[in-house]
>>> print(open('model.pdb').read())   # PDB, C-alpha atoms, pLDDT in the B column
MODEL        1
ATOM      1  CA  MET A  15       0.000   0.000   0.000  1.00 77.00           C
ATOM      2  CA  LYS A  16       2.882   2.350   0.789  1.00 79.00           C
ATOM      3  CA  GLU A  17       4.318   1.951  -2.717  1.00 79.00           C
ATOM      4  CA  LEU A  18       0.873   2.512  -4.232  1.00 79.00           C
ATOM      5  CA  LEU A  19       0.396   5.912  -2.571  1.00 81.00           C
ATOM      6  CA  THR A  20       3.952   7.268  -2.462  1.00 82.00           C
ATOM      7  CA  SER A  21       5.603   6.389  -5.765  1.00 82.00           C
ATOM      8  CA  PHE A  22       5.033   8.021  -9.136  1.00 83.00           C
ATOM      9  CA  ASP A  23       6.741   5.163 -11.012  1.00 84.00           C
ATOM     10  CA  GLY A  24       5.027   2.231 -12.609  1.00 84.00           C
ATOM     11  CA  ARG A  25       1.549   1.359 -13.726  1.00 85.00           C
ATOM     12  CA  ILE A  26      -1.521   0.122 -11.906  1.00 86.00           C
ATOM     13  CA  GLY A  27      -4.721  -1.530 -13.011  1.00 85.00           C
ATOM     14  CA  ARG A  28      -8.261  -0.512 -12.251  1.00 89.00           C
ATOM     15  CA  GLY A  29      -8.507  -2.711  -9.155  1.00 91.00           C
ATOM     16  CA  GLN A  30      -5.416  -1.219  -7.529  1.00 90.00           C
ATOM     17  CA  TRP A  31      -6.603   2.285  -8.389  1.00 89.00           C
ATOM     18  CA  TRP A  32      -9.952   1.655  -6.689  1.00 93.00           C
ATOM     19  CA  LEU A  33      -8.204   0.218  -3.643  1.00 93.00           C
ATOM     20  CA  GLY A  34      -6.011   3.314  -3.307  1.00 92.00           C
ATOM     21  CA  ALA A  35      -8.934   5.667  -3.946  1.00 93.00           C
ATOM     22  CA  LEU A  36     -11.072   3.954  -1.303  1.00 95.00           C
ATOM     23  CA  VAL A  37      -8.242   4.153   1.251  1.00 94.00           C
ATOM     24  CA  LEU A  38      -7.851   7.900   0.616  1.00 93.00           C
ATOM     25  CA  ILE A  39     -11.622   8.490   0.767  1.00 94.00           C
ATOM     26  CA  ALA A  40     -12.012   6.474   3.976  1.00 95.00           C
ATOM     27  CA  PHE A  41      -9.127   8.333   5.616  1.00 93.00           C
ATOM     28  CA  ALA A  42     -10.590  11.717   4.620  1.00 91.00           C
ATOM     29  CA  ILE A  43     -14.062  10.818   5.920  1.00 93.00           C
ATOM     30  CA  VAL A  44     -12.765   9.527   9.257  1.00 94.00           C
ATOM     31  CA  PHE A  45     -10.566  12.607   9.679  1.00 91.00           C
ATOM     32  CA  ALA A  46     -13.451  14.959   8.834  1.00 88.00           C
ATOM     33  CA  ILE A  47     -15.753  13.261  11.337  1.00 90.00           C
ATOM     34  CA  ILE A  48     -13.166  13.419  14.116  1.00 92.00           C
ATOM     35  CA  VAL A  49     -12.337  17.081  13.425  1.00 90.00           C
ATOM     36  CA  GLY A  50     -16.033  17.954  13.133  1.00 86.00           C
ATOM     37  CA  VAL A  51     -16.838  16.339  16.470  1.00 90.00           C
ATOM     38  CA  LEU A  52     -13.891  17.966  18.230  1.00 90.00           C
ATOM     39  CA  PHE A  53     -14.126  21.491  16.813  1.00 86.00           C
ATOM     40  CA  GLY A  54     -17.634  21.844  15.350  1.00 82.00           C
ATOM     41  CA  ASP A  55     -18.218  24.397  12.610  1.00 76.00           C
ATOM     42  CA  SER A  56     -15.306  26.713  13.277  1.00 78.00           C
ATOM     43  CA  MET A  57     -12.417  28.210  11.369  1.00 80.00           C
ATOM     44  CA  ILE A  58     -10.090  25.614  12.925  1.00 86.00           C
ATOM     45  CA  THR A  59     -12.142  22.855  11.277  1.00 85.00           C
ATOM     46  CA  GLY A  60     -11.791  24.569   7.910  1.00 83.00           C
ATOM     47  CA  ILE A  61      -8.050  25.045   8.294  1.00 87.00           C
ATOM     48  CA  LEU A  62      -7.484  21.431   9.389  1.00 89.00           C
ATOM     49  CA  THR A  63      -9.565  20.206   6.459  1.00 86.00           C
ATOM     50  CA  LEU A  64      -7.546  22.386   4.089  1.00 87.00           C
ATOM     51  CA  LEU A  65      -4.320  20.956   5.526  1.00 89.00           C
ATOM     52  CA  LEU A  66      -5.729  17.464   4.984  1.00 89.00           C
ATOM     53  CA  SER A  67      -6.472  18.373   1.360  1.00 87.00           C
ATOM     54  CA  PHE A  68      -2.871  19.462   0.877  1.00 88.00           C
ATOM     55  CA  ALA A  69      -1.582  16.330   2.645  1.00 90.00           C
ATOM     56  CA  LEU A  70      -3.705  13.999   0.503  1.00 90.00           C
ATOM     57  CA  LEU A  71      -2.661  15.755  -2.695  1.00 88.00           C
ATOM     58  CA  TYR A  72       0.622  13.831  -2.932  1.00 89.00           C
ATOM     59  CA  PRO A  73      -0.828  10.298  -2.618  1.00 91.00           C
ATOM     60  CA  ALA A  74      -3.755  11.189  -4.876  1.00 90.00           C
ATOM     61  CA  ALA A  75      -1.392  12.569  -7.521  1.00 88.00           C
ATOM     62  CA  ALA A  76       0.812   9.459  -7.265  1.00 88.00           C
ATOM     63  CA  LEU A  77      -2.222   7.233  -7.697  1.00 89.00           C
ATOM     64  CA  ALA A  78      -3.547   9.233 -10.654  1.00 86.00           C
ATOM     65  CA  THR A  79      -0.145   9.373 -12.347  1.00 87.00           C
ATOM     66  CA  LYS A  80       0.260   5.602 -12.234  1.00 86.00           C
ATOM     67  CA  ARG A  81      -3.252   4.993 -13.522  1.00 84.00           C
ATOM     68  CA  LEU A  82      -2.757   7.452 -16.374  1.00 81.00           C
ATOM     69  CA  ALA A  83       0.550   5.733 -17.227  1.00 78.00           C
ATOM     70  CA  ASP A  84      -1.379   2.478 -17.523  1.00 73.00           C
ATOM     71  CA  ARG A  85      -3.756   4.198 -19.944  1.00 72.00           C
ATOM     72  CA  ALA A  86      -0.758   5.575 -21.945  1.00 75.00           C
ATOM     73  CA  LYS A  87      -1.735   9.189 -21.272  1.00 77.00           C
ATOM     74  CA  PRO A  88       0.531  12.019 -20.068  1.00 79.00           C
ATOM     75  CA  ALA A  89      -0.202  12.868 -16.459  1.00 76.00           C
ATOM     76  CA  MET A  90       0.840  16.484 -16.137  1.00 82.00           C
ATOM     77  CA  PRO A  91      -1.893  18.460 -17.914  1.00 83.00           C
ATOM     78  CA  ARG A  92      -4.626  16.246 -16.458  1.00 80.00           C
ATOM     79  CA  LEU A  93      -3.322  16.525 -12.901  1.00 82.00           C
ATOM     80  CA  VAL A  94      -3.273  20.315 -13.088  1.00 83.00           C
ATOM     81  CA  ILE A  95      -6.752  20.432 -14.643  1.00 86.00           C
ATOM     82  CA  PHE A  96      -8.299  18.253 -11.927  1.00 83.00           C
ATOM     83  CA  PHE A  97      -6.277  19.016  -8.790  1.00 83.00           C
ATOM     84  CA  GLY A  98      -5.778  22.767  -9.349  1.00 85.00           C
ATOM     85  CA  PRO A  99      -9.444  23.845  -9.177  1.00 87.00           C
ATOM     86  CA  SER A 100     -10.055  21.412  -6.323  1.00 83.00           C
ATOM     87  CA  LEU A 101      -7.383  23.055  -4.172  1.00 83.00           C
ATOM     88  CA  LEU A 102      -8.498  26.536  -5.217  1.00 87.00           C
ATOM     89  CA  PHE A 103     -12.080  25.842  -4.137  1.00 84.00           C
ATOM     90  CA  SER A 104     -10.838  24.329  -0.872  1.00 82.00           C
ATOM     91  CA  ILE A 105      -8.978  27.559  -0.110  1.00 84.00           C
ATOM     92  CA  ILE A 106     -12.009  29.669  -1.068  1.00 84.00           C
ATOM     93  CA  ASP A 107     -14.271  27.549   1.132  1.00 80.00           C
ATOM     94  CA  THR A 108     -11.896  27.564   4.106  1.00 79.00           C
ATOM     95  CA  PHE A 109     -11.464  31.324   4.221  1.00 80.00           C
ATOM     96  CA  ARG A 110     -15.074  31.974   3.118  1.00 75.00           C
ATOM     97  CA  ILE A 111     -14.077  34.210   0.244  1.00 80.00           C
ATOM     98  CA  GLY A 112     -17.200  35.528  -1.457  1.00 74.00           C
ATOM     99  CA  TYR A 113     -19.526  34.365   1.325  1.00 70.00           C
ATOM    100  CA  ARG A 114     -22.100  36.528   3.033  1.00 64.00           C
ATOM    101  CA  PRO A 115     -23.097  35.883   6.621  1.00 57.00           C
ATOM    102  CA  TYR A 116     -25.986  33.463   6.837  1.00 60.00           C
ATOM    103  CA  ARG A 117     -29.255  35.119   7.771  1.00 59.00           C
ATOM    104  CA  LYS A 118     -32.360  33.217   8.708  1.00 58.00           C
ATOM    105  CA  TRP A 119     -35.753  34.547   7.664  1.00 56.00           C
ATOM    106  CA  VAL A 120     -38.438  34.202  10.311  1.00 55.00           C
ATOM    107  CA  GLY A 121     -41.747  35.576   9.141  1.00 56.00           C
ATOM    108  CA  TRP A 122     -41.126  39.163   8.028  1.00 56.00           C
ATOM    109  CA  LYS A 123     -38.051  39.649  10.173  1.00 56.00           C
ATOM    110  CA  GLN A 124     -34.518  38.692   9.333  1.00 54.00           C
ATOM    111  CA  THR A 125     -32.468  37.305  12.227  1.00 55.00           C
ATOM    112  CA  ALA A 126     -28.796  36.502  12.552  1.00 55.00           C
ATOM    113  CA  PRO A 127     -27.869  32.916  13.497  1.00 55.00           C
TER
ENDMDL
END
>>> encode(input="model.pdb", output="structure tokens")
Amino acid sequence: MKELLTSFDGRIGRGQWWLGALVLIAFAIVFAIIVGVLFGDSMITGILTLLLSFALLYPAAALATKRLADRAKPAMPRLVIFFGPSLLFSIIDTFRIGYRPYRKWVGWKQTAP
């Protein structure tokens, strides 16, 4: 498993790719649940989730590179196209860029949460 998620060399089949993807997804879900329970909906939760996104970028890129090599496709433009916007939106979501404070409408009055 270590070689699957840390090396950019070689090729992998569909089964190995799914195994690696499921390991990364399971790790991210467990981490998000633990952080959510400990810190709730706070800025710390967003920052820790962003750090997790950056930490999982390397194994996800290694996994994608090997699978693309098996499909005889160059990895670099595809990795930038898929991972670049994902990280950009993670940063935007973490620091709430472009967000307005949530307001709840009760009857005719608008109340803050």
>>> atom_distance(input="model.pdb", atom1="CA of Met90 (chain A)", atom2="CA of Leu71 (chain A)")
13.9 Å
>>> atom_distance(input="model.pdb", atom1="CA of Ala76 (chain A)", atom2="CA of Met57 (chain A)")
29.6 Å
>>> closest_atom_pairs(input="model.pdb", of="region 32-121 of chain A", to="region 17-23 of chain A", cutoff="9 Å", atoms="all atoms listed in the file", output="CSV")
residue,atom,partner,partner_atom,distance
A:Gly34,CA,A:Leu19,CA,7.0
A:Tyr72,CA,A:Thr20,CA,7.4
A:Pro73,CA,A:Leu19,CA,4.6
A:Ala74,CA,A:Leu19,CA,7.1
A:Ala75,CA,A:Phe22,CA,8.0
A:Ala76,CA,A:Phe22,CA,4.8
A:Leu77,CA,A:Leu19,CA,5.9
A:Ala78,CA,A:Phe22,CA,8.8
A:Thr79,CA,A:Phe22,CA,6.2
A:Lys80,CA,A:Phe22,CA,6.2
A:Ala83,CA,A:Asp23,CA,8.8
>>> closest_atom_pairs(input="model.pdb", of="region 26-82 of chain A", to="region 94-105 of chain A", cutoff="8 Å", atoms="only C-alpha atoms", output="JSON lines")
{"residue": "A:Leu64", "atom": "CA", "partner": "A:Ser104", "partner_atom": "CA", "distance": 6.3}
{"residue": "A:Ser67", "atom": "CA", "partner": "A:Leu101", "partner_atom": "CA", "distance": 7.3}
{"residue": "A:Phe68", "atom": "CA", "partner": "A:Leu101", "partner_atom": "CA", "distance": 7.7}
{"residue": "A:Leu71", "atom": "CA", "partner": "A:Phe97", "partner_atom": "CA", "distance": 7.8}
>>> atom_distance(input="model.pdb", atom1="CA of Ala86 (chain A)", atom2="CA of Arg25 (chain A)")
9.5 Å
>>> residues_around(input="model.pdb", residues="Thr108 (chain A)", least_positions_apart="6", cutoff="10 Å", atoms="only C-alpha atoms", output="PyMOL selection string")
chain A and resi 56-64+102
